[in-house]
Amino acid sequence: MFFAIPFPAIDPVLIEVGPLVIRWYALAYIAGIVLGWRLARVLVSRAPKVATAEQVDDFVTWVTLGIILGGRLGYVLFYRPGYYVTAPWEALYVWQGGMSFHGGAIGVIVAAWLFARRNGIDWVAFADRIVCVVPIGLFFGRCANFINGELWGRVSDVPWAMVFPTGGPDPRHPSQLYQAALEGLCLFALLMWLARSEWVRARPGILSGAFLVGYGVARIIGEFFRQPDAHLGFLFAGATMGQLLSVPMILLGAWLIQRGRARHV
């Protein structure tokens, strides 16, 4: 019989006053965007300067739409295409949950490209500074997944395994916390360390590439402990959808790093 740590029963709803309901998940998005926005204002001003703090303020609306629209569309296309073919209108039901990081990443990339083009900014250099703050949102998002008792890990007998309310009677890896550490804390520390170097900042693509490679590797590792989506299961060669979607991210990131390193400034 496995030993399991009791799951801390935290109400997913932080505040409920009449019709006003504030959930931890919504708060995670808000905290990630607000803290990321404040840090991005500082990063864009470092030499070589790529944008103004006021332009970052304007970009907040763009990036919020990119996260929500891209994340939802990515979930619909990557994880539940068959379901939404029969009920396409439910793709708009964002309050029911279901967001894809890979879709959100595409949404943010498109938003950054459109915004930079409109404002005459080097969009790769701008993206370099923006990606440095993304792990903040990833950290809070994974913590919210844990609080909600969702996206739990595979069955395990490790001493810190937990029985999740919706995960059956078996103890499981608290994989949300693993991913919060890898995709959030570790990736943030790596990007902040790289962003200290003016040599790196002066070569567009290196930071964006480091983010893509770092996230891809972290996600692949985390997926080894996370239970695959029930309706998808294991796919090609026993990989999960999250792992398969991370492979092109790593390849694109490696190309961006090589391209940035080869650039003469």
# chains A, B, ... in the order shown; residues from 1 in each chain; ligands from 1

$ residues_around --residues "Gly209 of chain A" --least-positions-apart "6" --cutoff "7 Å" --atoms "only C-alpha atoms" --output "ChimeraX atom specification"
/A:253-254,256-257

$ residues_around --residues "Arg203 of chain A" --least-positions-apart "6" --cutoff "12 Å" --atoms "only C-alpha atoms" --output "list of chain:residue names"
A:Ala47, A:Pro48, A:Val50, A:Asp122, A:Val124, A:Ala125, A:Phe126, A:Ala127, A:Asp128, A:Arg129, A:Leu194, A:Ala195, A:Ser197, A:Gly209, A:Leu256, A:Ile257, A:Gln258, A:Arg259, A:Gly260, A:Arg261, A:Ala262, A:Arg263, A:His264, A:Val265

$ write_last_selection --atoms "N, CA, C and O atoms" --output "short mmCIF file (atom, residue, chain, number, x, y, z; two decimals), in the first residue's frame"
data_model
loop_
_atom_site.label_atom_id
_atom_site.label_comp_id
_atom_site.auth_asym_id
_atom_site.auth_seq_id
_atom_site.Cartn_x
_atom_site.Cartn_y
_atom_site.Cartn_z
N ALA A 47 20.32 48.53 -22.49
CA ALA A 47 21.05 48.65 -23.75
C ALA A 47 21.26 47.27 -24.38
O ALA A 47 21.55 46.30 -23.68
N PRO A 48 21.08 47.21 -25.71
CA PRO A 48 20.52 48.25 -26.59
C PRO A 48 19.01 48.34 -26.42
O PRO A 48 18.31 47.33 -26.45
N VAL A 50 15.19 48.64 -27.00
CA VAL A 50 14.39 48.15 -28.12
C VAL A 50 12.99 48.76 -28.17
O VAL A 50 12.31 48.69 -29.20
N ASP A 122 11.90 46.46 -33.90
CA ASP A 122 12.50 45.18 -34.28
C ASP A 122 11.79 44.11 -33.46
O ASP A 122 12.00 43.98 -32.25
N VAL A 124 11.91 40.81 -33.25
CA VAL A 124 12.65 39.73 -32.60
C VAL A 124 13.33 40.25 -31.34
O VAL A 124 13.30 39.61 -30.29
N ALA A 125 13.94 41.45 -31.44
CA ALA A 125 14.57 42.05 -30.26
C ALA A 125 13.54 42.35 -29.18
O ALA A 125 13.80 42.16 -27.98
N PHE A 126 12.35 42.80 -29.60
CA PHE A 126 11.27 43.07 -28.65
C PHE A 126 10.81 41.77 -27.99
O PHE A 126 10.62 41.71 -26.77
N ALA A 127 10.67 40.73 -28.80
CA ALA A 127 10.25 39.43 -28.26
C ALA A 127 11.27 38.89 -27.27
O ALA A 127 10.91 38.24 -26.27
N ASP A 128 12.56 39.16 -27.51
CA ASP A 128 13.61 38.71 -26.60
C ASP A 128 13.37 39.20 -25.17
O ASP A 128 13.57 38.46 -24.20
N ARG A 129 12.96 40.46 -25.06
CA ARG A 129 12.75 41.01 -23.72
C ARG A 129 11.44 40.49 -23.11
O ARG A 129 11.35 40.26 -21.91
N LEU A 194 20.90 35.13 -18.49
CA LEU A 194 21.32 35.46 -19.85
C LEU A 194 21.07 36.94 -20.17
O LEU A 194 21.89 37.58 -20.84
N ALA A 195 19.94 37.47 -19.69
CA ALA A 195 19.57 38.85 -20.00
C ALA A 195 20.50 39.87 -19.34
O ALA A 195 20.48 41.05 -19.70
N SER A 197 23.62 39.89 -19.75
CA SER A 197 24.73 40.11 -20.68
C SER A 197 24.31 41.03 -21.83
O SER A 197 23.37 40.73 -22.56
N GLY A 209 15.25 32.22 -28.40
CA GLY A 209 15.62 30.83 -28.62
C GLY A 209 15.85 30.09 -27.32
O GLY A 209 15.45 28.93 -27.17
N LEU A 256 17.15 29.83 -33.69
CA LEU A 256 17.22 31.24 -33.31
C LEU A 256 18.51 31.55 -32.55
O LEU A 256 19.14 32.60 -32.77
N ILE A 257 18.91 30.65 -31.66
CA ILE A 257 20.15 30.86 -30.92
C ILE A 257 21.35 30.88 -31.86
O ILE A 257 22.22 31.76 -31.77
N GLN A 258 21.42 29.93 -32.77
CA GLN A 258 22.52 29.88 -33.72
C GLN A 258 22.53 31.11 -34.62
O GLN A 258 23.59 31.69 -34.89
N ARG A 259 21.36 31.52 -35.05
CA ARG A 259 21.24 32.70 -35.90
C ARG A 259 21.69 33.96 -35.15
O ARG A 259 22.39 34.82 -35.70
N GLY A 260 21.31 34.06 -33.87
CA GLY A 260 21.70 35.23 -33.08
C GLY A 260 23.20 35.24 -32.80
O GLY A 260 23.84 36.29 -32.87
N ARG A 261 23.76 34.09 -32.50
CA ARG A 261 25.20 34.02 -32.22
C ARG A 261 26.04 34.38 -33.43
O ARG A 261 27.14 34.93 -33.30
N ALA A 262 25.53 34.05 -34.62
CA ALA A 262 26.29 34.31 -35.84
C ALA A 262 26.20 35.77 -36.29
O ALA A 262 26.91 36.19 -37.19
N ARG A 263 25.34 36.52 -35.63
CA ARG A 263 25.13 37.91 -36.04
C ARG A 263 26.29 38.77 -35.57
O ARG A 263 26.69 38.72 -34.40
N HIS A 264 26.82 39.58 -36.46
CA HIS A 264 27.92 40.51 -36.12
C HIS A 264 27.34 41.86 -35.77
O HIS A 264 26.60 42.46 -36.55
N VAL A 265 27.66 42.35 -34.58
CA VAL A 265 27.12 43.64 -34.11
C VAL A 265 28.24 44.66 -34.04
O VAL A 265 29.31 44.37 -33.51
#

$ select_by_dssp --residues "segment 3-244 of chain A" --states "helix (DSSP H, G or I)" --output "VMD selection string"
chain A and resid 24 to 43 53 to 78 81 to 86 88 to 92 94 to 96 101 to 119 123 to 131 134 to 148 175 to 195 198 to 201 206 to 223 236 to 238 241 to 244

$ residues_around --residues "Pro8 of chain A" --least-positions-apart "6" --cutoff "12 Å" --atoms "only C-alpha atoms" --output "NGL selection string"
:A and (146-149 or 162-165 or 174)

$ closest_residue --among "A:Ile15, A:Leu244, A:Leu232, A:Leu43" --to "Arg196 of chain A" --atoms "only C-alpha atoms"
A:Leu43

$ residues_around --residues "His173 of chain A" --least-positions-apart "2" --cutoff "10 Å" --atoms "only C-alpha atoms" --output "PyMOL selection string"
chain A and resi 4+152-164+171+175-178+225-227

$ write_last_selection --atoms "N, CA and C atoms" --output "PDB file, in the first residue's frame"
ATOM      1  N   ALA A   4       0.557   8.245   1.097  1.00  0.00           N
ATOM      2  CA  ALA A   4       0.216   9.440   0.335  1.00  0.00           C
ATOM      3  C   ALA A   4      -0.002  10.621   1.263  1.00  0.00           C
ATOM      4  N   TRP A 152      -3.141  16.477 -12.768  1.00  0.00           N
ATOM      5  CA  TRP A 152      -2.278  15.788 -11.820  1.00  0.00           C
ATOM      6  C   TRP A 152      -1.355  14.792 -12.526  1.00  0.00           C
ATOM      7  N   GLY A 153      -0.453  14.235 -11.714  1.00  0.00           N
ATOM      8  CA  GLY A 153       0.589  13.366 -12.251  1.00  0.00           C
ATOM      9  C   GLY A 153       0.191  11.906 -12.331  1.00  0.00           C
ATOM     10  N   ARG A 154       1.151  11.103 -12.733  1.00  0.00           N
ATOM     11  CA  ARG A 154       0.946   9.663 -12.856  1.00  0.00           C
ATOM     12  C   ARG A 154       1.025   9.002 -11.473  1.00  0.00           C
ATOM     13  N   VAL A 155       0.461   7.816 -11.387  1.00  0.00           N
ATOM     14  CA  VAL A 155       0.476   7.059 -10.134  1.00  0.00           C
ATOM     15  C   VAL A 155       1.916   6.817  -9.705  1.00  0.00           C
ATOM     16  N   SER A 156       2.193   7.007  -8.428  1.00  0.00           N
ATOM     17  CA  SER A 156       3.566   6.877  -7.936  1.00  0.00           C
ATOM     18  C   SER A 156       3.582   6.454  -6.471  1.00  0.00           C
ATOM     19  N   ASP A 157       4.738   5.903  -6.041  1.00  0.00           N
ATOM     20  CA  ASP A 157       4.905   5.552  -4.636  1.00  0.00           C
ATOM     21  C   ASP A 157       5.966   6.427  -3.968  1.00  0.00           C
ATOM     22  N   VAL A 158       6.292   7.585  -4.577  1.00  0.00           N
ATOM     23  CA  VAL A 158       7.251   8.487  -3.935  1.00  0.00           C
ATOM     24  C   VAL A 158       6.650   9.006  -2.631  1.00  0.00           C
ATOM     25  N   PRO A 159       7.474   9.343  -1.650  1.00  0.00           N
ATOM     26  CA  PRO A 159       6.954   9.749  -0.338  1.00  0.00           C
ATOM     27  C   PRO A 159       6.035  10.969  -0.377  1.00  0.00           C
ATOM     28  N   TRP A 160       6.183  11.810  -1.392  1.00  0.00           N
ATOM     29  CA  TRP A 160       5.368  13.035  -1.472  1.00  0.00           C
ATOM     30  C   TRP A 160       4.167  12.889  -2.417  1.00  0.00           C
ATOM     31  N   ALA A 161       3.853  11.673  -2.834  1.00  0.00           N
ATOM     32  CA  ALA A 161       2.697  11.455  -3.707  1.00  0.00           C
ATOM     33  C   ALA A 161       1.413  11.875  -2.994  1.00  0.00           C
ATOM     34  N   MET A 162       0.428  12.302  -3.781  1.00  0.00           N
ATOM     35  CA  MET A 162      -0.838  12.792  -3.230  1.00  0.00           C
ATOM     36  C   MET A 162      -2.018  12.120  -3.902  1.00  0.00           C
ATOM     37  N   VAL A 163      -3.107  11.997  -3.165  1.00  0.00           N
ATOM     38  CA  VAL A 163      -4.364  11.513  -3.724  1.00  0.00           C
ATOM     39  C   VAL A 163      -5.193  12.748  -4.066  1.00  0.00           C
ATOM     40  N   PHE A 164      -5.378  12.987  -5.362  1.00  0.00           N
ATOM     41  CA  PHE A 164      -6.126  14.162  -5.804  1.00  0.00           C
ATOM     42  C   PHE A 164      -7.619  13.851  -5.837  1.00  0.00           C
ATOM     43  N   PRO A 171      -2.321   7.323  -5.115  1.00  0.00           N
ATOM     44  CA  PRO A 171      -1.462   8.503  -4.946  1.00  0.00           C
ATOM     45  C   PRO A 171      -0.722   8.812  -6.249  1.00  0.00           C
ATOM     46  N   SER A 175       2.615  16.697 -10.127  1.00  0.00           N
ATOM     47  CA  SER A 175       3.400  17.151 -11.281  1.00  0.00           C
ATOM     48  C   SER A 175       3.203  18.633 -11.578  1.00  0.00           C
ATOM     49  N   GLN A 176       2.103  19.204 -11.120  1.00  0.00           N
ATOM     50  CA  GLN A 176       1.908  20.641 -11.325  1.00  0.00           C
ATOM     51  C   GLN A 176       3.026  21.440 -10.645  1.00  0.00           C
ATOM     52  N   LEU A 177       3.437  20.947  -9.461  1.00  0.00           N
ATOM     53  CA  LEU A 177       4.504  21.638  -8.732  1.00  0.00           C
ATOM     54  C   LEU A 177       5.859  21.414  -9.398  1.00  0.00           C
ATOM     55  N   TYR A 178       6.057  20.229  -9.973  1.00  0.00           N
ATOM     56  CA  TYR A 178       7.296  19.987 -10.721  1.00  0.00           C
ATOM     57  C   TYR A 178       7.386  20.978 -11.883  1.00  0.00           C
ATOM     58  N   PHE A 225       6.090  12.848 -15.788  1.00  0.00           N
ATOM     59  CA  PHE A 225       5.461  12.660 -14.482  1.00  0.00           C
ATOM     60  C   PHE A 225       3.973  12.997 -14.502  1.00  0.00           C
ATOM     61  N   ARG A 226       3.502  13.635 -15.559  1.00  0.00           N
ATOM     62  CA  ARG A 226       2.115  14.091 -15.646  1.00  0.00           C
ATOM     63  C   ARG A 226       1.248  13.053 -16.358  1.00  0.00           C
ATOM     64  N   GLN A 227       0.053  12.850 -15.858  1.00  0.00           N
ATOM     65  CA  GLN A 227      -0.883  11.928 -16.492  1.00  0.00           C
ATOM     66  C   GLN A 227      -1.366  12.527 -17.809  1.00  0.00           C
TER      67      GLN A 227
END
